[in-house]
>>> print(open('work_11.cif').read())   # mmCIF, C-alpha atoms
data_structure
#
loop_
_atom_site.group_PDB
_atom_site.id
_atom_site.type_symbol
_atom_site.label_atom_id
_atom_site.label_comp_id
_atom_site.auth_asym_id
_atom_site.auth_seq_id
_atom_site.Cartn_x
_atom_site.Cartn_y
_atom_site.Cartn_z
ATOM 1 C CA MET U 6 -0.036 25.530 0.185
ATOM 2 C CA SER U 7 -2.133 24.083 3.030
ATOM 3 C CA ILE U 8 -0.960 21.185 5.163
ATOM 4 C CA GLU U 9 -3.631 18.948 3.620
ATOM 5 C CA ASN U 10 -2.616 19.846 0.055
ATOM 6 C CA THR U 11 0.997 19.041 0.888
ATOM 7 C CA TRP U 12 0.217 15.499 2.011
ATOM 8 C CA PHE U 13 -2.967 14.542 0.103
ATOM 9 C CA HIS U 14 -3.183 14.244 -3.681
ATOM 10 C CA ARG U 15 -6.085 13.531 -6.012
ATOM 11 C CA ARG U 16 -5.810 11.018 -8.838
ATOM 12 C CA GLY U 17 -3.651 12.429 -11.611
ATOM 13 C CA ASP U 18 -2.162 15.293 -9.592
ATOM 14 C CA LEU U 19 1.208 13.516 -9.514
ATOM 15 C CA SER U 20 1.317 12.281 -13.131
ATOM 16 C CA ARG U 21 4.705 12.043 -14.863
ATOM 17 C CA ASP U 22 6.451 10.183 -17.705
ATOM 18 C CA GLY U 23 3.549 7.883 -18.556
ATOM 19 C CA TRP U 24 2.644 7.193 -14.934
ATOM 20 C CA GLU U 25 -0.695 8.287 -13.481
ATOM 21 C CA SER U 26 1.002 9.032 -10.142
ATOM 22 C CA VAL U 27 4.622 9.184 -8.963
ATOM 23 C CA VAL U 28 5.799 9.767 -5.384
ATOM 24 C CA GLY U 29 9.491 9.584 -4.501
ATOM 25 C CA ARG U 30 12.521 11.436 -3.234
ATOM 26 C CA GLU U 31 11.736 14.300 -5.604
ATOM 27 C CA THR U 32 8.468 14.853 -3.716
ATOM 28 C CA PRO U 33 8.941 17.769 -1.256
ATOM 29 C CA GLY U 34 9.462 16.570 2.314
ATOM 30 C CA TRP U 35 9.719 12.914 1.283
ATOM 31 C CA GLN U 36 12.747 10.612 1.729
ATOM 32 C CA HIS U 37 12.215 6.924 2.377
ATOM 33 C CA THR U 38 9.362 5.572 0.226
ATOM 34 C CA GLY U 39 7.865 5.858 -3.226
ATOM 35 C CA ILE U 40 4.973 4.669 -5.349
ATOM 36 C CA ARG U 41 4.179 4.608 -9.041
ATOM 37 C CA VAL U 42 0.729 3.870 -10.448
ATOM 38 C CA ALA U 43 -0.055 3.256 -14.127
ATOM 39 C CA ASP U 44 -3.143 2.409 -16.152
ATOM 40 C CA LEU U 45 -1.849 0.453 -19.159
ATOM 41 C CA ALA U 46 -3.588 -0.350 -22.422
ATOM 42 C CA GLU U 47 -2.522 -3.110 -24.804
ATOM 43 C CA GLY U 48 0.889 -2.201 -26.213
ATOM 44 C CA ASP U 49 1.799 0.292 -23.475
ATOM 45 C CA ALA U 50 5.060 -0.044 -21.557
ATOM 46 C CA VAL U 51 6.605 1.718 -18.575
ATOM 47 C CA GLU U 52 10.218 1.656 -17.477
ATOM 48 C CA LEU U 53 11.724 1.204 -14.008
ATOM 49 C CA ALA U 54 15.206 2.598 -14.547
ATOM 50 C CA GLU U 55 16.537 3.612 -11.130
ATOM 51 C CA THR U 56 19.005 1.111 -9.697
ATOM 52 C CA ASP U 57 19.309 2.381 -6.108
ATOM 53 C CA VAL U 58 15.798 1.372 -4.997
ATOM 54 C CA GLU U 59 14.068 -1.903 -4.201
ATOM 55 C CA ARG U 60 10.536 -2.475 -5.501
ATOM 56 C CA ILE U 61 7.411 -4.594 -5.247
ATOM 57 C CA ILE U 62 5.217 -4.681 -8.364
ATOM 58 C CA VAL U 63 1.546 -5.130 -7.408
ATOM 59 C CA PRO U 64 -1.156 -5.783 -10.040
ATOM 60 C CA LEU U 65 -4.303 -3.879 -9.069
ATOM 61 C CA ALA U 66 -6.437 -5.087 -11.968
ATOM 62 C CA GLY U 67 -5.277 -7.065 -15.014
ATOM 63 C CA SER U 68 -2.119 -9.022 -15.759
ATOM 64 C CA PHE U 69 1.394 -7.989 -16.725
ATOM 65 C CA GLU U 70 4.747 -9.105 -18.099
ATOM 66 C CA VAL U 71 7.938 -7.888 -16.439
ATOM 67 C CA VAL U 72 11.358 -8.102 -18.097
ATOM 68 C CA HIS U 73 13.952 -7.372 -15.433
ATOM 69 C CA VAL U 74 17.723 -7.410 -15.506
ATOM 70 C CA ASP U 75 20.673 -6.887 -13.198
ATOM 71 C CA ALA U 76 22.067 -3.515 -14.226
ATOM 72 C CA ASP U 77 25.630 -4.784 -13.632
ATOM 73 C CA HIS U 78 25.212 -7.151 -16.602
ATOM 74 C CA ALA U 79 25.387 -4.832 -19.576
ATOM 75 C CA HIS U 80 24.616 -7.639 -22.053
ATOM 76 C CA GLY U 81 21.586 -8.958 -20.231
ATOM 77 C CA ALA U 82 23.123 -12.182 -18.954
ATOM 78 C CA ASP U 83 20.849 -11.955 -15.906
ATOM 79 C CA ARG U 84 17.681 -11.057 -17.848
ATOM 80 C CA GLU U 85 14.459 -12.595 -16.515
ATOM 81 C CA TRP U 86 10.856 -12.678 -17.764
ATOM 82 C CA THR U 87 8.155 -12.862 -15.091
ATOM 83 C CA THR U 88 4.407 -13.098 -15.687
ATOM 84 C CA LEU U 89 2.148 -11.512 -13.094
ATOM 85 C CA HIS U 90 -1.252 -13.164 -13.499
ATOM 86 C CA GLY U 91 -2.932 -10.473 -11.425
ATOM 87 C CA ARG U 92 -6.658 -10.314 -10.638
ATOM 88 C CA ARG U 93 -9.892 -8.734 -11.827
ATOM 89 C CA SER U 94 -9.842 -6.057 -9.118
ATOM 90 C CA VAL U 95 -8.325 -5.319 -5.726
ATOM 91 C CA PHE U 96 -11.494 -6.747 -4.146
ATOM 92 C CA ASP U 97 -10.921 -10.226 -5.629
ATOM 93 C CA GLY U 98 -8.463 -11.449 -3.015
ATOM 94 C CA PRO U 99 -4.639 -11.503 -3.080
ATOM 95 C CA THR U 100 -2.599 -11.131 -6.246
ATOM 96 C CA ASP U 101 0.815 -12.436 -7.165
ATOM 97 C CA VAL U 102 3.584 -9.828 -6.810
ATOM 98 C CA LEU U 103 7.229 -9.422 -7.825
ATOM 99 C CA TYR U 104 9.995 -8.166 -5.536
ATOM 100 C CA LEU U 105 12.929 -6.556 -7.359
ATOM 101 C CA PRO U 106 15.993 -5.688 -5.263
ATOM 102 C CA LEU U 107 18.533 -2.931 -5.464
ATOM 103 C CA GLY U 108 20.402 -3.022 -8.785
ATOM 104 C CA ARG U 109 17.640 -4.328 -11.086
ATOM 105 C CA THR U 110 15.900 -2.389 -13.835
ATOM 106 C CA ALA U 111 12.645 -3.486 -15.463
ATOM 107 C CA THR U 112 10.205 -2.963 -18.325
ATOM 108 C CA LEU U 113 6.542 -3.509 -17.527
ATOM 109 C CA THR U 114 3.852 -4.277 -20.133
ATOM 110 C CA GLY U 115 0.298 -5.557 -19.940
ATOM 111 C CA ARG U 116 -3.261 -4.372 -19.657
ATOM 112 C CA GLY U 117 -4.821 -2.943 -16.505
ATOM 113 C CA ARG U 118 -3.840 -0.982 -13.398
ATOM 114 C CA VAL U 119 -0.568 -1.627 -11.613
ATOM 115 C CA ALA U 120 1.258 -0.132 -8.635
ATOM 116 C CA VAL U 121 4.990 -0.198 -7.912
ATOM 117 C CA ALA U 122 6.067 0.314 -4.295
ATOM 118 C CA GLU U 123 9.634 1.614 -3.867
ATOM 119 C CA ALA U 124 12.222 2.462 -1.235
ATOM 120 C CA PRO U 125 15.873 3.565 -1.484
ATOM 121 C CA ALA U 126 18.047 0.613 -0.442
ATOM 122 C CA SER U 127 21.657 -0.246 0.285
ATOM 123 C CA VAL U 128 21.590 -4.045 0.746
ATOM 124 C CA ARG U 129 20.749 -6.354 -2.140
ATOM 125 C CA HIS U 130 18.442 -9.334 -1.616
ATOM 126 C CA PRO U 131 17.445 -11.983 -4.188
ATOM 127 C CA TRP U 132 14.574 -11.081 -6.488
ATOM 128 C CA ARG U 133 11.436 -13.077 -5.722
ATOM 129 C CA TYR U 134 8.111 -13.951 -7.313
ATOM 130 C CA ILE U 135 5.354 -14.404 -4.693
ATOM 131 C CA ALA U 136 2.282 -16.322 -5.889
ATOM 132 C CA ALA U 137 -1.152 -15.260 -4.677
ATOM 133 C CA ALA U 138 -1.453 -18.544 -2.750
ATOM 134 C CA GLU U 139 1.750 -17.689 -0.814
ATOM 135 C CA THR U 140 0.411 -14.372 0.492
ATOM 136 C CA PRO U 141 -0.374 -14.394 4.239
ATOM 137 C CA VAL U 142 -3.998 -13.242 4.662
ATOM 138 C CA GLU U 143 -4.844 -11.693 8.033
ATOM 139 C CA LEU U 144 -8.328 -10.856 9.324
ATOM 140 C CA ARG U 145 -7.651 -7.944 11.651
ATOM 141 C CA GLY U 146 -10.023 -6.381 14.175
ATOM 142 C CA ALA U 147 -13.612 -7.428 14.821
ATOM 143 C CA GLY U 148 -17.172 -6.172 14.401
ATOM 144 C CA SER U 149 -17.302 -2.902 12.480
ATOM 145 C CA SER U 150 -13.500 -2.648 12.761
ATOM 146 C CA SER U 151 -12.984 -5.858 10.745
ATOM 147 C CA ARG U 152 -10.702 -5.692 7.722
ATOM 148 C CA GLN U 153 -8.607 -8.036 5.578
ATOM 149 C CA VAL U 154 -4.842 -7.572 5.221
ATOM 150 C CA HIS U 155 -2.583 -9.112 2.563
ATOM 151 C CA ASN U 156 0.919 -9.211 4.071
ATOM 152 C CA PHE U 157 3.028 -10.090 1.013
ATOM 153 C CA GLY U 158 5.674 -7.451 1.719
ATOM 154 C CA THR U 159 6.005 -7.490 5.503
ATOM 155 C CA PRO U 160 9.171 -8.587 7.356
ATOM 156 C CA GLN U 161 7.562 -11.931 8.245
ATOM 157 C CA ALA U 162 6.825 -12.745 4.595
ATOM 158 C CA LEU U 163 9.645 -11.168 2.545
ATOM 159 C CA ASP U 164 13.383 -10.600 2.898
ATOM 160 C CA ALA U 165 14.017 -6.998 1.865
ATOM 161 C CA ASP U 166 16.258 -4.127 2.918
ATOM 162 C CA ARG U 167 13.884 -1.294 3.882
ATOM 163 C CA LEU U 168 10.521 -1.815 2.179
ATOM 164 C CA ILE U 169 7.368 -2.875 4.075
ATOM 165 C CA VAL U 170 4.236 -3.282 1.933
ATOM 166 C CA CYS U 171 0.744 -4.652 2.514
ATOM 167 C CA GLU U 172 -2.781 -4.037 1.267
ATOM 168 C CA VAL U 173 -6.045 -3.716 3.204
ATOM 169 C CA ILE U 174 -9.659 -4.356 2.171
ATOM 170 C CA THR U 175 -12.359 -2.770 4.328
ATOM 171 C CA PRO U 176 -15.993 -3.837 3.727
ATOM 172 C CA ALA U 177 -18.689 -1.192 3.364
ATOM 173 C CA ASP U 178 -19.654 0.457 6.700
ATOM 174 C CA ASN U 179 -16.421 -0.652 8.430
ATOM 175 C CA TRP U 180 -13.486 1.273 9.900
ATOM 176 C CA SER U 181 -9.807 0.397 9.457
ATOM 177 C CA SER U 182 -6.473 1.986 10.381
ATOM 178 C CA TYR U 183 -8.229 2.145 13.721
ATOM 179 C CA PRO U 184 -7.583 2.942 16.526
ATOM 180 C CA PRO U 185 -5.563 5.874 15.164
ATOM 181 C CA HIS U 186 -1.870 5.116 15.558
ATOM 182 C CA LYS U 187 1.549 6.517 14.740
ATOM 183 C CA HIS U 188 5.071 5.355 13.935
ATOM 184 C CA ASP U 189 7.194 8.492 14.016
ATOM 185 C CA GLU U 190 9.531 7.919 16.998
ATOM 186 C CA HIS U 191 12.381 5.457 17.446
ATOM 187 C CA VAL U 192 11.554 3.607 20.682
ATOM 188 C CA PRO U 193 13.344 0.232 20.477
ATOM 189 C CA GLY U 194 10.908 -2.636 20.869
ATOM 190 C CA HIS U 195 7.876 -0.323 20.959
ATOM 191 C CA GLU U 196 7.750 2.082 18.019
ATOM 192 C CA SER U 197 9.614 2.565 14.755
ATOM 193 C CA ARG U 198 9.999 5.542 12.432
ATOM 194 C CA LEU U 199 8.269 4.848 9.119
ATOM 195 C CA GLU U 200 7.067 7.105 6.339
ATOM 196 C CA GLU U 201 3.812 5.728 4.956
ATOM 197 C CA ILE U 202 1.943 6.031 1.676
ATOM 198 C CA TYR U 203 -1.764 5.210 1.344
ATOM 199 C CA TYR U 204 -2.968 4.510 -2.214
ATOM 200 C CA PHE U 205 -6.789 4.184 -2.292
ATOM 201 C CA GLU U 206 -9.424 2.462 -4.392
ATOM 202 C CA SER U 207 -13.172 2.236 -3.764
ATOM 203 C CA ALA U 208 -15.967 0.311 -5.475
ATOM 204 C CA PRO U 209 -19.690 -0.373 -5.035
ATOM 205 C CA VAL U 210 -20.427 -3.535 -3.060
ATOM 206 C CA ALA U 211 -20.896 -6.682 -5.135
ATOM 207 C CA GLY U 212 -24.269 -6.733 -6.894
ATOM 208 C CA SER U 213 -24.843 -3.001 -6.555
ATOM 209 C CA ALA U 214 -26.188 -0.998 -9.469
ATOM 210 C CA ALA U 215 -24.169 2.052 -8.367
ATOM 211 C CA SER U 216 -21.541 3.517 -10.677
ATOM 212 C CA ALA U 217 -17.898 2.982 -9.793
ATOM 213 C CA GLU U 218 -17.377 6.742 -10.145
ATOM 214 C CA THR U 219 -19.644 7.359 -7.146
ATOM 215 C CA ALA U 220 -17.652 5.117 -4.776
ATOM 216 C CA PHE U 221 -15.794 6.793 -1.918
ATOM 217 C CA GLY U 222 -14.420 6.444 1.614
ATOM 218 C CA MET U 223 -12.959 8.779 4.239
ATOM 219 C CA PHE U 224 -9.460 9.120 5.659
ATOM 220 C CA SER U 225 -8.032 11.105 8.570
ATOM 221 C CA THR U 226 -4.574 12.028 9.831
ATOM 222 C CA TYR U 227 -3.719 14.443 12.637
ATOM 223 C CA SER U 228 -0.703 15.857 14.450
ATOM 224 C CA SER U 229 1.607 14.204 16.971
ATOM 225 C CA PRO U 230 4.628 15.663 18.813
ATOM 226 C CA ALA U 231 6.697 14.745 15.735
ATOM 227 C CA GLY U 232 4.922 17.237 13.478
ATOM 228 C CA GLU U 233 1.789 19.025 12.345
ATOM 229 C CA ILE U 234 -0.464 17.302 9.811
ATOM 230 C CA ASP U 235 -4.176 17.542 9.113
ATOM 231 C CA ILE U 236 -5.985 15.390 6.549
ATOM 232 C CA ALA U 237 -9.747 14.879 6.664
ATOM 233 C CA ALA U 238 -10.538 13.776 3.135
ATOM 234 C CA LEU U 239 -13.091 12.035 0.985
ATOM 235 C CA VAL U 240 -11.049 9.437 -0.947
ATOM 236 C CA ARG U 241 -11.740 7.831 -4.317
ATOM 237 C CA THR U 242 -9.884 5.438 -6.594
ATOM 238 C CA GLY U 243 -6.414 6.750 -7.411
ATOM 239 C CA ASP U 244 -6.089 9.200 -4.519
ATOM 240 C CA ILE U 245 -2.877 9.143 -2.458
ATOM 241 C CA ALA U 246 -2.220 10.248 1.134
ATOM 242 C CA LEU U 247 1.312 10.759 2.443
ATOM 243 C CA VAL U 248 1.945 10.263 6.171
ATOM 244 C CA PRO U 249 5.400 11.542 7.175
ATOM 245 C CA TYR U 250 4.410 11.587 10.874
ATOM 246 C CA GLY U 251 1.345 11.957 13.052
ATOM 247 C CA TYR U 252 -1.588 9.784 14.066
ATOM 248 C CA HIS U 253 -3.393 8.259 11.106
ATOM 249 C CA GLY U 254 -6.811 6.691 10.924
ATOM 250 C CA PRO U 255 -9.532 5.943 10.650
ATOM 251 C CA ALA U 256 -9.975 4.929 7.023
ATOM 252 C CA VAL U 257 -13.727 4.458 6.691
ATOM 253 C CA ALA U 258 -15.641 2.577 3.983
ATOM 254 C CA ALA U 259 -18.892 4.435 3.295
ATOM 255 C CA PRO U 260 -22.168 2.466 3.332
ATOM 256 C CA GLY U 261 -22.597 0.837 -0.079
ATOM 257 C CA TYR U 262 -18.915 1.055 -1.026
ATOM 258 C CA ASP U 263 -15.925 -1.141 -0.196
ATOM 259 C CA LEU U 264 -12.539 0.504 0.410
ATOM 260 C CA TYR U 265 -9.034 -0.678 -0.508
ATOM 261 C CA TYR U 266 -5.657 0.811 0.256
ATOM 262 C CA LEU U 267 -2.069 -0.160 -0.486
ATOM 263 C CA ASN U 268 0.391 0.776 2.272
ATOM 264 C CA VAL U 269 4.045 1.472 1.448
ATOM 265 C CA MET U 270 6.386 2.018 4.417
ATOM 266 C CA ALA U 271 10.096 2.485 5.080
ATOM 267 C CA GLY U 272 12.193 4.570 7.437
ATOM 268 C CA PRO U 273 15.607 5.450 8.835
ATOM 269 C CA ASP U 274 15.707 3.074 11.831
ATOM 270 C CA PRO U 275 18.294 0.269 11.825
ATOM 271 C CA ASP U 276 15.659 -2.479 12.002
ATOM 272 C CA ARG U 277 13.012 -3.136 9.348
ATOM 273 C CA ALA U 278 10.025 -3.375 11.681
ATOM 274 C CA TRP U 279 6.411 -2.148 11.876
ATOM 275 C CA LEU U 280 5.991 -1.023 15.488
ATOM 276 C CA ILE U 281 3.163 1.377 16.326
ATOM 277 C CA SER U 282 1.721 3.396 19.194
ATOM 278 C CA ASP U 283 -2.052 3.882 19.418
ATOM 279 C CA ASP U 284 -3.475 7.286 20.282
ATOM 280 C CA PRO U 285 -3.955 6.834 24.053
ATOM 281 C CA ALA U 286 -7.390 8.440 23.840
ATOM 282 C CA HIS U 287 -8.682 5.635 21.603
ATOM 283 C CA ALA U 288 -6.481 2.622 22.417
ATOM 284 C CA TRP U 289 -9.238 1.087 24.586
ATOM 285 C CA VAL U 290 -11.170 0.217 21.414
ATOM 286 C CA ARG U 291 -8.865 -2.769 20.787
ATOM 287 C CA ASP U 292 -10.059 -4.371 24.021
ATOM 288 C CA THR U 293 -13.653 -4.476 22.730
ATOM 289 C CA TRP U 294 -12.696 -6.756 19.851
ATOM 290 C CA THR U 295 -12.438 -9.780 22.167
ATOM 291 C CA GLU U 296 -16.208 -9.582 22.654
ATOM 292 C CA GLN U 297 -17.056 -9.394 18.931
ATOM 293 C CA ASP U 298 -16.839 -11.685 15.911
ATOM 294 C CA VAL U 299 -14.979 -10.897 12.714
ATOM 295 C CA ASP U 300 -17.286 -9.506 10.024
ATOM 296 C CA PRO U 301 -18.778 -12.566 8.231
ATOM 297 C CA ARG U 302 -18.239 -10.894 4.842
ATOM 298 C CA LEU U 303 -14.529 -11.615 5.246
ATOM 299 C CA PRO U 304 -12.397 -13.030 3.790
ATOM 300 C CA TYR U 305 -12.858 -11.636 0.267
ATOM 301 C CA PRO U 306 -13.660 -12.905 -2.239
ATOM 302 C CA THR U 307 -16.896 -14.663 -1.271
ATOM 303 C CA GLU U 308 -17.724 -18.076 -2.729
ATOM 304 C CA GLU U 309 -19.854 -16.339 -5.357
ATOM 305 C CA GLY U 310 -17.000 -14.030 -6.300
ATOM 306 C CA ARG U 311 -17.380 -10.387 -7.213
ATOM 307 C CA SER U 312 -19.224 -9.267 -10.303
#
>>> encode(input="work_11.cif", output="structure tokens")
Amino acid sequence: MSIENTWFHRRGDLSRDGWESVVGRETPGWQHTGIRVADLAEGDAVELAETDVERIIVPLAGSFEVVHVDADHAHGADREWTTLHGRRSVFDGPTDVLYLPLGRTATLTGRGRVAVAEAPASVRHPWRYIAAAETPVELRGAGSSSRQVHNFGTPQALDADRLIVCEVITPADNWSSYPPHKHDEHVPGHESRLEEIYYFESAPVAGSAASAETAFGMFSTYSSPAGEIDIAALVRTGDIALVPYGYHGPAVAAPGYDLYYLNVMAGPDPDRAWLISDDPAHAWVRDTWTEQDVDPRLPYPTEEGRS
């Protein structure tokens, strides 16, 4: 199997037990993170049975009901029902999300697409519902490197054990995950070791007559001293890239098509922190942002909304 086929997977390649995609500790070469993606119809249900992981449930499109319970309470004394109101699509701004700590199981029902970010954990934190209005929205970069980041699962926004989760929207023609960067060495105060999952979606720009099936972007990852990796892929909705090490970026939104990705990160370092090192050959690009404005198409959604 080629390096790219080890770390890049097309939609449906990782299907299992009612899930469209599953990445976890059973995935070869993978230890610290996981993701599950499901496309649910009315009446469908999926189970989250493992009790040694923490999770964030992220509606991609649609709304969902989550029944979750502390596994230590055999009779359901700690049973909770949480409604996730969700959104029409990942390009319609932030969604509400649900953090479930170590020790909780859940049953998920609803209609639409949903992702579940996971990480093995050892410290239990309180479960938490995060409304869309509570999500910190960051406009990162400038000019053609402008993108929008929803930081609902970062250390500044959520108390968790290992899991770091955010989502990024990149308007058509723009570059994100740029300059290329890495987080595969433990350098206190400068860089942390984090596995990373990229889950992608792409869609025609608002008002376009193009079919959603034609939408695509591009994604690149290449080697660092920590290991050999080589991904140079056209990405469509449902595709998943795994980044165990190496420089990653750019993620490029093709002209005519907006690009979304959900990032799931965790690692073995003692601190839960996102610390990165840019590729020295391209780090100078950050300095150019001070002379440019943020793309006026951001933040999403626009006042007119998305069709």
>>> resolve_selection(input="work_11.cif", expression="the PyMOL selection byres ((chain U and resi 275) around 12)", output="list of chain:residue names")
U:Asp166, U:Arg167, U:His191, U:Val192, U:Pro193, U:Ser197, U:Arg198, U:Leu199, U:Ala271, U:Gly272, U:Pro273, U:Asp274, U:Asp276, U:Arg277, U:Ala278
>>> atom_distance(input="work_11.cif", atom1="atom CA of U:Pro106", atom2="atom CA of U:Ile169")
13.0 Å
>>> resolve_selection(input="work_11.cif", expression="the PyMOL selection byres ((chain U and resi 162-165) around 12)", output="PDB file with C-alpha atoms, in the frame of the given file")
ATOM      1  CA  VAL U  58      15.798   1.372  -4.997  1.00  0.00           C
ATOM      2  CA  GLU U  59      14.068  -1.903  -4.201  1.00  0.00           C
ATOM      3  CA  ARG U  60      10.536  -2.475  -5.501  1.00  0.00           C
ATOM      4  CA  ILE U  61       7.411  -4.594  -5.247  1.00  0.00           C
ATOM      5  CA  VAL U 102       3.584  -9.828  -6.810  1.00  0.00           C
ATOM      6  CA  LEU U 103       7.229  -9.422  -7.825  1.00  0.00           C
ATOM      7  CA  TYR U 104       9.995  -8.166  -5.536  1.00  0.00           C
ATOM      8  CA  LEU U 105      12.929  -6.556  -7.359  1.00  0.00           C
ATOM      9  CA  PRO U 106      15.993  -5.688  -5.263  1.00  0.00           C
ATOM     10  CA  LEU U 107      18.533  -2.931  -5.464  1.00  0.00           C
ATOM     11  CA  GLU U 123       9.634   1.614  -3.867  1.00  0.00           C
ATOM     12  CA  ALA U 124      12.222   2.462  -1.235  1.00  0.00           C
ATOM     13  CA  PRO U 125      15.873   3.565  -1.484  1.00  0.00           C
ATOM     14  CA  ALA U 126      18.047   0.613  -0.442  1.00  0.00           C
ATOM     15  CA  SER U 127      21.657  -0.246   0.285  1.00  0.00           C
ATOM     16  CA  VAL U 128      21.590  -4.045   0.746  1.00  0.00           C
ATOM     17  CA  ARG U 129      20.749  -6.354  -2.140  1.00  0.00           C
ATOM     18  CA  HIS U 130      18.442  -9.334  -1.616  1.00  0.00           C
ATOM     19  CA  PRO U 131      17.445 -11.983  -4.188  1.00  0.00           C
ATOM     20  CA  TRP U 132      14.574 -11.081  -6.488  1.00  0.00           C
ATOM     21  CA  ARG U 133      11.436 -13.077  -5.722  1.00  0.00           C
ATOM     22  CA  TYR U 134       8.111 -13.951  -7.313  1.00  0.00           C
ATOM     23  CA  ILE U 135       5.354 -14.404  -4.693  1.00  0.00           C
ATOM     24  CA  ALA U 136       2.282 -16.322  -5.889  1.00  0.00           C
ATOM     25  CA  GLU U 139       1.750 -17.689  -0.814  1.00  0.00           C
ATOM     26  CA  THR U 140       0.411 -14.372   0.492  1.00  0.00           C
ATOM     27  CA  PRO U 141      -0.374 -14.394   4.239  1.00  0.00           C
ATOM     28  CA  VAL U 142      -3.998 -13.242   4.662  1.00  0.00           C
ATOM     29  CA  HIS U 155      -2.583  -9.112   2.563  1.00  0.00           C
ATOM     30  CA  ASN U 156       0.919  -9.211   4.071  1.00  0.00           C
ATOM     31  CA  PHE U 157       3.028 -10.090   1.013  1.00  0.00           C
ATOM     32  CA  GLY U 158       5.674  -7.451   1.719  1.00  0.00           C
ATOM     33  CA  THR U 159       6.005  -7.490   5.503  1.00  0.00           C
ATOM     34  CA  PRO U 160       9.171  -8.587   7.356  1.00  0.00           C
ATOM     35  CA  GLN U 161       7.562 -11.931   8.245  1.00  0.00           C
ATOM     36  CA  ASP U 166      16.258  -4.127   2.918  1.00  0.00           C
ATOM     37  CA  ARG U 167      13.884  -1.294   3.882  1.00  0.00           C
ATOM     38  CA  LEU U 168      10.521  -1.815   2.179  1.00  0.00           C
ATOM     39  CA  ILE U 169       7.368  -2.875   4.075  1.00  0.00           C
ATOM     40  CA  VAL U 170       4.236  -3.282   1.933  1.00  0.00           C
ATOM     41  CA  CYS U 171       0.744  -4.652   2.514  1.00  0.00           C
ATOM     42  CA  ALA U 271      10.096   2.485   5.080  1.00  0.00           C
ATOM     43  CA  ASP U 276      15.659  -2.479  12.002  1.00  0.00           C
ATOM     44  CA  ARG U 277      13.012  -3.136   9.348  1.00  0.00           C
ATOM     45  CA  ALA U 278      10.025  -3.375  11.681  1.00  0.00           C
TER      46      ALA U 278
END
>>> residues_around(input="work_11.cif", residues="U:Gly29", least_positions_apart="2", cutoff="12 Å", atoms="all atoms listed in the file", output="list in words")
Leu19, Arg21, Ser26, Val27, Glu31, Thr32, Pro33, Gly34, Trp35, Gln36, His37, Thr38, Gly39, Ile40, Arg41, Glu55, Val58, Val121, Ala122, Glu123, Ala124, Pro125, Glu200, Glu201, Ile202, Leu247, Val269 and Ala271 of chain U
>>> atom_distance(input="work_11.cif", atom1="atom CA of U:Ala46", atom2="atom CA of U:Thr100")
19.5 Å
>>> residues_around(input="work_11.cif", residues="U:Thr226", least_positions_apart="5", cutoff="9 Å", atoms="all atoms listed in the file", output="JSON list (two decimals) with C-alpha atoms, in the coordinates of the input")
[["chain", "number", "residue", "atom", "x", "y", "z"],
["U", 185, "PRO", "CA", -5.56, 5.87, 15.16],
["U", 234, "ILE", "CA", -0.46, 17.30, 9.81],
["U", 235, "ASP", "CA", -4.18, 17.54, 9.11],
["U", 236, "ILE", "CA", -5.98, 15.39, 6.55],
["U", 237, "ALA", "CA", -9.75, 14.88, 6.66],
["U", 248, "VAL", "CA", 1.94, 10.26, 6.17],
["U", 251, "GLY", "CA", 1.34, 11.96, 13.05],
["U", 252, "TYR", "CA", -1.59, 9.78, 14.07],
["U", 253, "HIS", "CA", -3.39, 8.26, 11.11],
["U", 254, "GLY", "CA", -6.81, 6.69, 10.92],
["U", 255, "PRO", "CA", -9.53, 5.94, 10.65]]
>>> residues_around(input="work_11.cif", residues="stretch 286-299 of chain U", least_positions_apart="3", cutoff="7 Å", atoms="only C-alpha atoms", output="list in words")
Gly146, Ala147, Gly148, Ser151, Pro184 and Asp283 of chain U
>>> resolve_selection(input="work_11.cif", expression="the PyMOL selection byres ((chain U and resi 175) around 7)", output="count of residues only")
13
>>> atom_distance(input="work_11.cif", atom1="atom CA of U:Leu89", atom2="atom CA of U:Gly115")
9.3 Å
>>> closest_residue(input="work_11.cif", among="U:Thr112, U:Thr11, U:Ser213, U:Thr56", to="U:Pro249", atoms="only C-alpha atoms")
U:Thr11
>>> axis_aligned_box(input="work_11.cif", around="stretch 259-263 of chain U", padding_each_side="8 Å", output="JSON")
{"center_x": -19.3, "center_y": 1.6, "center_z": 1.2, "size_x": 22.7, "size_y": 21.6, "size_z": 20.4}
>>> closest_residue(input="work_11.cif", among="U:Ala220, U:Ala238, U:Ala208, U:Leu45", to="U:Ser94", atoms="all atoms listed in the file")
U:Ala208
>>> closest_residue(input="work_11.cif", among="U:Ser207, U:Thr88, U:Asn268, U:Thr110", to="U:Glu52", atoms="all atoms listed in the file")
U:Thr110
